[in-house]
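*Asks:* Have a look at the structure that comes next, please.
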Amino acid sequence: MVPRLLLRAWSRCPAVGPGAPSRRLTAGSGPGQYLQRSIVPTMHYQDSLPRLPIPKLEDTIRRYLNAQKPLLDDGQFRKTEQFCKSFENGIGKELHKQLVAQDKQNKHTSYISGQGFDRHLFALRYLAAAKGIILPEFYLDPAYGQINHNVLSTSTLSSPAVNLGGFAPVVSDGFGIGYAVHDNWIGCNVSSYPGRNAQEFLQCVEKALEDMFDALEGKSIKS
């Protein structure tokens with residue numbers, strides 16, 4: 001089969017978008033090329049991934065504030081700092097202890113985070129809701145809502161049994177991007193609500209991929 005790059009877009013209803021020119025993606029194949037196949041049952045992580053401990057709450061708060069600083073003016077940032085200090089020294093500390101205790105009792109799962117903070121804060125919020133605790137004021141901060149407004153939502157499910165899949169946007173003005181990576185082709189579905197132009201976004205994705213192919217092949221990038 002001729003290697004190809006397949007792009008499709010979905011907006012309000014299924015509509016096939018433009019196909020991109022054929023490009024060779026890889027000269028070989030194997031478990032290390034793109035995605036590792038896993039025999040681990042669903043809802044479990046691959047054995048090849050390390051089991052990371054839940055980070056310290058103060059480290060998560062520090063990363064969160066570092067991410068917020070470029071987005072807020074001085075006054076907004078000071079308010080967000082106050083929310084963080086109150087949460088870290090109050091209900092957040094107790095929720096964190098409970099989360100660590102649950103993690104120790106479930107060693108078959110793993111907290112995969114690295115330098116991230118969003119999953120940790122989400123877990124504490126979910127735990128508070130599960131315990132019937134009133135939503136901590138930290139989560140009512142407009143800055144928290146803004147940084148969790150994810151315009152781009154991406155995910156993948158690559159399998160010989162799946163040709164191509166899709167994922168919905170998580171906010172009304174966002175895009176949902178389902179992408180697949182195979183040995184001889186890559187592709188994606190882009191979905192959106194009526195207020196966004198998925199077709200135009202897909203054309204930008206195609207242009208970006210073409211630029212990357214040109215750079216890898218030593219060609220000049222077209223403006």
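If you're wondering about the labels, chains in the structure tokens are A, B, ... by order shown, residues count from 1 in each chain, ligands from 1 in order shown.
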Using only C-alpha atoms, which protein or nucleic acid residues come within 9 Å of region 139-153 of chain A? Drop anything in the same chain fewer than 6 positions from it, and give the result as a list of chain:residue names.
*Replies:* A:Ala67, A:Gln68, A:Leu71, A:Leu72, A:Gln76, A:Phe77, A:Lys79, A:Thr80, A:Phe83, A:Asp118, A:Arg125, A:Phe167, A:Ala168, A:Pro169, A:Val170, A:Val171, A:Ser172, A:Asp173, A:Gly174, A:Phe175, A:Gly176, A:Ile177, A:Gly178
*Asks:* With only C-alpha atoms as the counted atoms, please give the residues lying no more than 8 Å from region 179-182 of chain A, apart from itself and same-chain residues fewer than 3 positions off, as a list in words.
*Replies:*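 Counting only the stated atoms, we get Tyr34, Leu35, Thr154, Ser155, Thr156, Leu157, Ser158, Leu164, Gly165, Gly166, Trp185, Ile186, Gly187, Cys188 and Asn189 of chain A.
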*Asks:* Write the residues you've just listed into a file as a short mmCIF file (atom, residue, chain, number, x, y, z; two decimals), in the first residue's frame, and include C-alpha atoms for each of them.
*Replies:*
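Saved result, out-v3.cif, follows:
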```cif
data_model
loop_
_atom_site.label_atom_id
_atom_site.label_comp_id
_atom_site.auth_asym_id
_atom_site.auth_seq_id
_atom_site.Cartn_x
_atom_site.Cartn_y
_atom_site.Cartn_z
CA TYR A 34 6.06 5.08 17.86
CA LEU A 35 3.86 3.48 20.48
CA THR A 154 -6.17 15.38 22.10
CA SER A 155 -6.00 11.63 22.48
CA THR A 156 -5.11 8.53 20.49
CA LEU A 157 -5.96 4.87 20.18
CA SER A 158 -3.63 3.17 17.72
CA LEU A 164 -9.36 5.98 12.77
CA GLY A 165 -11.21 7.35 15.80
CA GLY A 166 -12.36 10.65 17.21
CA TRP A 185 0.55 6.65 7.74
CA ILE A 186 -0.67 9.08 10.35
CA GLY A 187 -4.00 10.82 10.54
CA CYS A 188 -6.42 12.71 12.71
CA ASN A 189 -10.08 13.59 13.14
#
```
*Asks:* Identify which of the residues A:Ala130, A:Cys84, A:Ile54, A:Val190 lies closest to Ala101 (chain A), counting only C-alpha atoms when measuring atom-to-atom distances.
*Replies:*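 With only C-alpha atoms as the atom set, the closest residue is A:Ile54.
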*Asks:* Take CA of Phe122 (chain A) and CA of Ser192 (chain A) and report the distance between them in Å, one decimal.
*Replies:*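 If I compute the distance from CA of Phe122 (chain A) to CA of Ser192 (chain A), I get 24.4 Å.
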*Asks:* Would you compute the distance between CA of Glu88 (chain A) and CA of Gly75 (chain A)? Give it in Å to one decimal.
*Replies:*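 Separation between CA of Glu88 (chain A) and CA of Gly75 (chain A): 20.1 Å.
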*Asks:* Out of region 142-201 of chain A, which residues get helix (DSSP H, G or I) from DSSP, as a list in words?
*Replies:* Pro142, Ala143, Tyr144, Gly145, Gln146, Ile147, Ala198, Gln199, Glu200 and Phe201 of chain A
*Asks:* In Å to one decimal, how far is CA of Leu127 (chain A) from CA of Phe87 (chain A)?
*Replies:* 14.2 Å
